[in-house]
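K.L.:
Take a look at the following structure, please.
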There are 2 protein chains.
Amino acid sequence: MPTPLQASLATLDTPAALVDLPRMQHNIERMQARMNSLSKRFRPHVKTTKCTPIVRAQLAAGAQGITVSTLKEAEQFFADGVTDILYAVGMAQHRLPQALALRRKGCELKIITDSVASAGVIAEFGRMHEEAFEVWIEIDTDGHRSGIKPEEAALLEVGHALLAGGMRLGGVLTHAGSSYELDTPEALAAMAEQERAGCVRAAERLRAAGLPCPVVSVGSTPTALSAQQLDGVTEVRAGVYVLFDLVMKNIGVCAAPEIALSVLTTVIGHQADKGWAIVDAGWMAMSRDRGTQKQKRDYGYGQACSVDGQVLEGYVLSGANQEHGILSREGTPDTDIAARLPVGTQLRILPNHACATGAQFPEYHALSHDGTLTTWRRLHGW
Amino acid sequence: MPTPLQASLATLDTPAALVDLPRMQHNIERMQARMNSLSKRFRPHVKTTKCTPIVRAQLAAGAQGITVSTLKEAEQFFADGVTDILYAVGMAQHRLPQALALRRKGCELKIITDSVASAGVIAEFGRMHEEAFEVWIEIDTDGHRSGIKPEEAALLEVGHALLAGGMRLGGVLTHAGSSYELDTPEALAAMAEQERAGCVRAAERLRAAGLPCPVVSVGSTPTALSAQQLDGVTEVRAGVYVLFDLVMKNIGVCAAPEIALSVLTTVIGHQADKGWAIVDAGWMAMSRDRGTQKQKRDYGYGQACSVDGQVLEGYVLSGANQEHGILSREGTPDTDIAARLPVGTQLRILPNHACATGAQFPEYHALSHDGTLTTWRRLHGW
């Protein structure tokens with residue numbers, strides 16, 4: 001006889017993106033408690049889920065403001081009542097009218113820049129429209145992506161260009177994306193300190209030059225969970241912590257039972273001689289993210305679990321076509337797989353990368369501890 | 001002064017998925033002409049684009065029926081007037097009511113199976129609802145995924161189970177997905193022959209046992225474009241040929257100027273010392289597909305082109321975060337990149353895999369030869 005959970009999941013078509021609510025709530029509280037103990041404001045990056053009920057849970061737990069990766073996210077979450085929004089991708093000229101419209105409606109939108117050229121474009125547009133944009137300067141503390149290095153001359157030039165143009169210099173921010181390449185507590189703590197020290201140094205240089213720098217914003221999920229101290233930092237950002245995934249498990253900042261996102265799938269066939277079960281979660285469901293490929297354990301396209309969420313140790317999604325996944329045992333093929341996982345069996349697959357897998361789905365199915373399901377839309381596109 | 005094309009593309013927000021209509025039409029006509037010359041019916045796989053105007057162009061050129069990867073696609077394209085639809089993923093029990101509803105509305109839906117267990121489930125459901133489903137048997141001709149091998153005993157058992165249960169045995173189908181791992185005309189022609197011979201052999205075994213097998217359906221884009229003869233085959237299926245991509249270029253079945261899908265992006269910053277331009281097409285736009293990684297040429301996350309579509313030889317999307325792409329020159333860094341591609345420059349990126357990149361976008365922007373743009377919605381989710 002099926003459990004209430006099994007009966008509930010049996011009503012869903014597959015593939016479906018499941019969010020385990022007790023796990024999600026645990027993850028939210030874990031991060032918020034850490035930020036509270038460090039006395040830092042927390043501004044979650046909502047690009048991971050793009051989903052209003054999840055963002056509300058983050059704010060209810062104590063988050064102050066949000067970070068977004070697109071202005072479409074900013075528009076949706078502002079419409080849903082969030083006013084303090086950081087758009088953390090370098091501002092492009094053609095998006096300035098959209099940012100202006102948000103501010104004119106009352107959104108406390110902050111935008112970012114990392115060059116004199118871009119700062120000049122923002123200032124010119126702002127002057128023309130009599131809008132003092134709040135601009136933060138992006139700092140590069142790990143050579144990973146964009147940003148100005150803490151000691152670069154350009155830092156002060158950008159600050160002066162913004163102020164001279166009548167803009168508000170809101171602060172500095174950095175993101176140590178290199179933390180994703182580490183997997184020991186020592187290396188992660190060192191990267192967190194590098195991220196902190198570099199961003200604080202940039203703030204000090206601005207202040208020493210007589211420029212304002214109220215906010216010092218740092219963060220990534222691995223560094224936020226590994227920092228020993230955050231002196232000089234005013235706020236922390238992190239995104240994937242809310243759901244976690246196998247990449248984060250390999251990095252060492254979560255355990256499998258903390259991963260709150262899984263893809264519900266159905267066995268649709270077998271190649272018994274090869275030990276394969278064919279499931280209806282292919283790469284269209286899991287995404288093409290192979291983030292664990294270069295990590296200490298490669299989970300293929302995901303870790304298989306029973307429909308109840310128990311890890312099936314050694315069984316992974318070893319291959320994926322668009323709507324077909326190949327589920328197999330690592331090492332020796334399981335030639336009994338057709339008996340063990342017959343056609344029609346529901347399974348859950350933990351993803352490599354929660355941000356990428358979530359984006360494949362128009363909605364999450366939020367699963368309560370009693371098996372109740374609620375459909376939560378998420379944003380798609382730009 | 002901008003050309004009409006440049007002026008037109010400057011009106012789009014980025015990232016945006018562009019479909020070059022003259023290239024797409026050329027690709028459609030190229031495949032259809034080949035099928036006509038081989039005197040084979042052609043049933044395109046519309047999972048690549050999930051987009052009604054594109055499917056209409058394929059049908060207008062001579063395609064007969066379509067192939068889909070989800071029943072949601074079947075529902076949409078049936079609503080848009082297509083009746084002859086093959087759902088080419090092994091039928092799951094819980095989807096049978098949805099398939100039944102489509103047939104009851106007049107859709108000539110064909111479903112597939114590759115096991116006695118699944119055939120029995122279909123037959124039982126069909127009998128219960130007095131519906132003679134048209135079922136095709138999936139054949140495994142290359143060990144790539146699902147299907148029954150041509151010489152397996154199960155082939156006849158499945159055929160008998162379907163007929164005994166009152167279902168219609170419509171034929172056999174196969175897909176030589178292994179063709180994606182090849183890159184010489186000789187190897188591709190040999191794989192096409194293996195695909196053809198295996199599927200025809202399965203049909204012959206069914207017929208020799210007194211079972212009907214009107215349809216013999218084969219195909220993948222590489223084999224469809226490489227087959228020397230298709231004796232015994234009645235129809236061919238292919239999907240990605242309509243847009244093509246860098247994986248297909250590496251395989252050798254298209255040239256870069258035939259790739260009809262690109263992602264329009266804007267330069268938002270630089271790391272001049274590293275020779276990087278930062279663009280607003282990250283993996284959320286390109287997808288995480290790294291299909292060229294193991295091929296003879298690795299394009300990272302895509303090949304950069306000018307906004308006019310001219311390949312910028314040697315410039316690729318070497319890295320990707322969610323909304324950031326890192327564009328760089330292969331080999332020696334281009335330390336003049338900030339002058340060559342200043343902030344605000346629009347570029348186009350050719351994707352590794354058109355099916356995966358398209359799925360990241362809610363719509364295509366169809367670009368005519370004169371620069372006119374039309375927005376075409378595409379299907380998302382299940």
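Every chain in the structure tokens takes a letter, A first, then B, and so on in the order presented; its residues are numbered from 1, and the ligands are numbered from 1 following the presented order.
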Leaving out stretch 56-69 of chain A and any residue of its chain fewer than 3 positions from it, which residues lie within 8 Å of it when counting only C-alpha atoms, given as a PyMOL selection string?
P.N.:
(chain A and resi 25+28-29+32+41-47+52-53+73-74+82-89+237) or (chain B and resi 323)
K.L.:
I want to know what sits within 7 Å of stretch 311-320 of chain A, based on only C-alpha atoms, with residues of the same chain fewer than 2 positions away left out; could you give that as a PyMOL selection string?
P.N.:
chain A and resi 282-283+299-306+309+322+324-330
K.L.:
Could you write out that same residue set with N, CA and C atoms as a short mmCIF file (atom, residue, chain, number, x, y, z; two decimals), in the first residue's frame?
P.N.:
data_model
loop_
_atom_site.label_atom_id
_atom_site.label_comp_id
_atom_site.auth_asym_id
_atom_site.auth_seq_id
_atom_site.Cartn_x
_atom_site.Cartn_y
_atom_site.Cartn_z
N GLY A 282 15.48 13.21 -19.17
CA GLY A 282 16.69 13.35 -19.98
C GLY A 282 17.31 14.70 -19.67
N TRP A 283 18.11 15.19 -20.62
CA TRP A 283 18.77 16.48 -20.33
C TRP A 283 17.79 17.65 -20.38
N TYR A 299 28.70 12.47 -10.72
CA TYR A 299 27.37 11.85 -10.63
C TYR A 299 26.68 11.76 -11.99
N GLY A 300 27.41 11.90 -13.08
CA GLY A 300 26.76 11.88 -14.39
C GLY A 300 25.77 13.03 -14.48
N TYR A 301 24.52 12.73 -14.79
CA TYR A 301 23.48 13.76 -14.82
C TYR A 301 22.66 13.79 -13.54
N GLY A 302 23.06 13.02 -12.52
CA GLY A 302 22.34 13.11 -11.25
C GLY A 302 22.38 11.82 -10.46
N GLN A 303 22.08 11.95 -9.18
CA GLN A 303 22.06 10.83 -8.23
C GLN A 303 20.63 10.30 -8.11
N ALA A 304 20.45 9.01 -8.33
CA ALA A 304 19.11 8.43 -8.22
C ALA A 304 18.73 8.21 -6.76
N CYS A 305 17.45 8.47 -6.48
CA CYS A 305 16.86 8.21 -5.16
C CYS A 305 15.54 7.48 -5.37
N SER A 306 15.10 6.82 -4.33
CA SER A 306 13.76 6.24 -4.35
C SER A 306 12.74 7.38 -4.39
N GLY A 309 12.80 9.61 -1.56
CA GLY A 309 13.93 10.51 -1.38
C GLY A 309 15.17 9.86 -0.77
N GLN A 322 17.50 13.92 -25.05
CA GLN A 322 16.59 15.02 -24.71
C GLN A 322 15.51 14.61 -23.72
N HIS A 324 15.19 11.16 -22.65
CA HIS A 324 15.56 9.85 -22.12
C HIS A 324 16.76 10.01 -21.20
N GLY A 325 16.68 9.41 -20.01
CA GLY A 325 17.85 9.29 -19.16
C GLY A 325 18.23 7.82 -19.05
N ILE A 326 19.52 7.56 -18.96
CA ILE A 326 20.00 6.19 -18.76
C ILE A 326 20.46 6.08 -17.31
N LEU A 327 19.76 5.25 -16.55
CA LEU A 327 20.06 5.08 -15.13
C LEU A 327 20.79 3.76 -14.96
N SER A 328 21.95 3.80 -14.34
CA SER A 328 22.73 2.57 -14.20
C SER A 328 23.52 2.60 -12.91
N ARG A 329 24.03 1.42 -12.52
CA ARG A 329 24.85 1.32 -11.32
C ARG A 329 26.30 1.57 -11.71
N GLU A 330 27.00 2.34 -10.90
CA GLU A 330 28.42 2.55 -11.15
C GLU A 330 29.15 1.22 -10.94
#
K.L.:
Once you count only C-alpha atoms, which residues of chain A turn out to be within 6 Å of chain B? Could you give them as a tab-separated table (two decimals) with C-alpha atoms, in the first residue's frame?
P.N.:
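File produced: iface.tsv:
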chain	number	residue	atom	x	y	z
A	90	GLY	CA	27.07	44.84	-15.27
A	92	ALA	CA	24.16	47.63	-20.26
A	268	ILE	CA	9.87	3.66	-19.19
A	288	ARG	CA	23.05	19.74	-19.64
A	289	ASP	CA	24.95	20.78	-16.51
A	361	PHE	CA	10.82	23.72	-15.65
A	362	PRO	CA	7.93	26.23	-15.77
A	381	GLY	CA	13.40	33.88	-20.14
K.L.:
Give the alpha helix (DSSP H) residues of stretch 162-345 of chain B, as DSSP finds them on the backbone, and put them as an NGL selection string.
P.N.:
:B and (162-164 or 185-208 or 221-224 or 246-251 or 283-286 or 337-340)
K.L.:
Could the residues in this selection be saved with C-alpha atoms as a compact mmCIF listing (two decimals), in the first residue's frame?
P.N.:
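Everything below was put into part36.txt:
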# COMPACT_ATOMS: atom_id res chain seq x y z
CA LEU B 162 -0.02 -5.96 -29.40
CA LEU B 163 -2.10 -7.80 -31.99
CA ALA B 164 -3.56 -10.24 -29.47
CA PRO B 185 31.56 10.65 -44.49
CA GLU B 186 32.56 6.97 -44.62
CA ALA B 187 31.73 6.28 -40.97
CA LEU B 188 28.45 8.19 -41.26
CA ALA B 189 27.44 6.29 -44.41
CA ALA B 190 28.28 3.02 -42.65
CA MET B 191 26.18 4.01 -39.61
CA ALA B 192 23.29 4.99 -41.89
CA GLU B 193 23.49 1.57 -43.54
CA GLN B 194 23.63 -0.15 -40.14
CA GLU B 195 20.55 1.82 -39.05
CA ARG B 196 18.70 0.98 -42.27
CA ALA B 197 19.67 -2.68 -42.38
CA GLY B 198 18.79 -3.31 -38.73
CA CYS B 199 15.40 -1.69 -38.97
CA VAL B 200 14.55 -3.41 -42.27
CA ARG B 201 15.65 -6.73 -40.78
CA ALA B 202 13.27 -6.25 -37.85
CA ALA B 203 10.43 -5.49 -40.26
CA GLU B 204 11.24 -8.62 -42.27
CA ARG B 205 11.19 -10.79 -39.15
CA LEU B 206 7.79 -9.43 -38.16
CA ARG B 207 6.40 -9.99 -41.65
CA ALA B 208 7.90 -13.50 -41.88
CA THR B 221 20.25 14.24 -38.90
CA PRO B 222 23.74 12.79 -39.58
CA THR B 223 22.46 9.48 -41.01
CA ALA B 224 19.62 11.09 -42.97
CA LEU B 246 28.40 23.44 -34.06
CA VAL B 247 28.09 19.75 -33.12
CA MET B 248 26.68 19.07 -36.60
CA LYS B 249 29.46 21.17 -38.14
CA ASN B 250 32.06 19.04 -36.35
CA ILE B 251 30.30 15.87 -37.50
CA TRP B 283 24.79 29.44 -19.77
CA MET B 284 21.18 30.47 -19.10
CA ALA B 285 21.12 31.64 -22.73
CA MET B 286 23.49 29.15 -24.39
CA ILE B 337 39.63 43.34 -27.18
CA ALA B 338 38.15 46.37 -25.35
CA ALA B 339 38.88 48.52 -28.41
CA ARG B 340 37.82 45.85 -30.89
K.L.:
Tell me, as a list in words, which residues lie within 6 Å of B:Thr174, counting only C-alpha atoms; anything in the same chain fewer than 4 positions away does not count.
P.N.:
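In the requested format, the answer is Glu138, Ile139 and Val218 of chain B.
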K.L.:
Which neighbours of B:Gly120 fall inside 9 Å, counting only C-alpha atoms, when residues of the same chain fewer than 3 positions from it are skipped, and could you give them as a list in words?
P.N.:
Ser115, Val116, Ala117, Ala123, Glu124, Phe125, Val158, Ala161, Leu162 and Gly165 of chain B
K.L.:
May I have the residues from that selection written out with C-alpha atoms, as a tab-separated table (two decimals), in the first residue's frame?
P.N.:
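Output (selection31.tsv):
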chain	number	residue	atom	x	y	z
B	115	SER	CA	9.05	-4.42	-24.25
B	116	VAL	CA	6.44	-7.08	-23.67
B	117	ALA	CA	5.62	-5.44	-20.33
B	123	ALA	CA	-3.06	-3.35	-24.89
B	124	GLU	CA	-4.85	-3.70	-21.57
B	125	PHE	CA	-5.60	0.03	-21.42
B	158	VAL	CA	5.87	-7.69	-28.55
B	161	ALA	CA	1.14	-9.11	-27.62
B	162	LEU	CA	-0.02	-5.96	-29.40
B	165	GLY	CA	-4.58	-7.25	-27.40
K.L.:
What's the 7 Å shell around A:Ala176, counting only C-alpha atoms, without same-chain residues fewer than 6 positions away, as a PDB file with N, CA and C atoms, in the first residue's frame?
P.N.:
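Produced file selection_19.pdb, reproduced below:
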ATOM      1  N   THR A 141      37.842  39.847  -6.874  1.00  0.00           N
ATOM      2  CA  THR A 141      38.727  39.389  -5.793  1.00  0.00           C
ATOM      3  C   THR A 141      39.356  38.025  -6.069  1.00  0.00           C
ATOM      4  N   ASP A 142      39.011  37.415  -7.221  1.00  0.00           N
ATOM      5  CA  ASP A 142      39.568  36.072  -7.485  1.00  0.00           C
ATOM      6  C   ASP A 142      39.873  35.796  -8.946  1.00  0.00           C
ATOM      7  N   GLU A 195      38.072  36.915  -0.423  1.00  0.00           N
ATOM      8  CA  GLU A 195      36.911  37.662  -0.926  1.00  0.00           C
ATOM      9  C   GLU A 195      36.625  38.858   0.006  1.00  0.00           C
ATOM     10  N   GLY A 219      30.002  37.493  -1.365  1.00  0.00           N
ATOM     11  CA  GLY A 219      29.321  36.221  -1.206  1.00  0.00           C
ATOM     12  C   GLY A 219      29.223  35.296  -2.381  1.00  0.00           C
ATOM     13  N   SER A 220      29.163  34.031  -1.991  1.00  0.00           N
ATOM     14  CA  SER A 220      28.830  32.875  -2.816  1.00  0.00           C
ATOM     15  C   SER A 220      28.399  31.852  -1.777  1.00  0.00           C
TER      16      SER A 220
END
K.L.:
From a DSSP pass on the backbone, collect the residues of stretch 155-296 of chain A flagged as strand (DSSP E or B) and hand them back as a list of chain:residue names.
P.N.:
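Everything in stretch 155-296 of chain A that counts as strand (DSSP E or B) is A:Arg168, A:Leu169, A:Gly170, A:Gly171, A:Val172, A:Leu173, A:Thr174, A:Val215, A:Val216, A:Ser217, A:Val218, A:Glu235, A:Val236, A:Leu261, A:Ser262, A:Val263, A:Leu264, A:Thr265, A:Thr266, A:Val267, A:Ile268, A:Gly269, A:His270, A:Gln271, A:Trp276, A:Ala277, A:Ile278, A:Val279.
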K.L.:
Could you save the residues just selected, with C-alpha atoms, as an mmCIF file, in the first residue's frame?
P.N.:
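Result written to part.cif:
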data_model
loop_
_atom_site.group_PDB
_atom_site.id
_atom_site.type_symbol
_atom_site.label_atom_id
_atom_site.label_comp_id
_atom_site.auth_asym_id
_atom_site.auth_seq_id
_atom_site.Cartn_x
_atom_site.Cartn_y
_atom_site.Cartn_z
ATOM 1 C CA ARG A 168 24.916 57.841 -5.776
ATOM 2 C CA LEU A 169 27.871 55.589 -4.983
ATOM 3 C CA GLY A 170 26.184 52.887 -2.917
ATOM 4 C CA GLY A 171 29.128 50.623 -2.227
ATOM 5 C CA VAL A 172 31.204 47.739 -3.532
ATOM 6 C CA LEU A 173 30.348 44.108 -4.186
ATOM 7 C CA THR A 174 32.259 40.971 -5.108
ATOM 8 C CA VAL A 215 27.851 48.930 1.518
ATOM 9 C CA VAL A 216 30.486 46.192 1.362
ATOM 10 C CA SER A 217 28.745 43.144 -0.148
ATOM 11 C CA VAL A 218 30.385 39.743 -0.606
ATOM 12 C CA GLU A 235 26.069 42.253 3.752
ATOM 13 C CA VAL A 236 26.391 38.764 2.283
ATOM 14 C CA LEU A 261 15.483 19.902 -5.354
ATOM 15 C CA SER A 262 14.928 16.636 -7.192
ATOM 16 C CA VAL A 263 13.439 15.619 -10.504
ATOM 17 C CA LEU A 264 10.616 13.102 -10.297
ATOM 18 C CA THR A 265 10.861 10.592 -13.137
ATOM 19 C CA THR A 266 9.282 7.336 -14.345
ATOM 20 C CA VAL A 267 11.019 4.185 -15.582
ATOM 21 C CA ILE A 268 9.869 3.660 -19.192
ATOM 22 C CA GLY A 269 12.086 0.745 -20.284
ATOM 23 C CA HIS A 270 15.288 -1.250 -19.810
ATOM 24 C CA GLN A 271 18.331 -2.618 -21.569
ATOM 25 C CA TRP A 276 20.222 0.150 -17.812
ATOM 26 C CA ALA A 277 16.842 1.497 -16.767
ATOM 27 C CA ILE A 278 15.538 4.093 -19.240
ATOM 28 C CA VAL A 279 13.743 6.950 -17.453
#
K.L.:
Find the distance between atom CA of A:Gly371 and atom CA of A:Pro22 and write it in Å to one decimal.
P.N.:
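Distance between the two atoms: 11.0 Å.
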K.L.:
Go ahead and compute the interatomic distance for atom CA of B:Ser368 and atom CA of B:Glu258, in Å to one decimal.
P.N.:
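One can read the atom CA of B:Ser368 to atom CA of B:Glu258 distance as 14.7 Å.
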K.L.:
Of the candidates A:Ala17, A:Met1, A:Ala132, A:Leu182, which one gets nearest to A:Met167 if we count only C-alpha atoms?
P.N.:
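When distances to A:Met167 are compared using only C-alpha atoms, the smallest one comes from A:Ala132.
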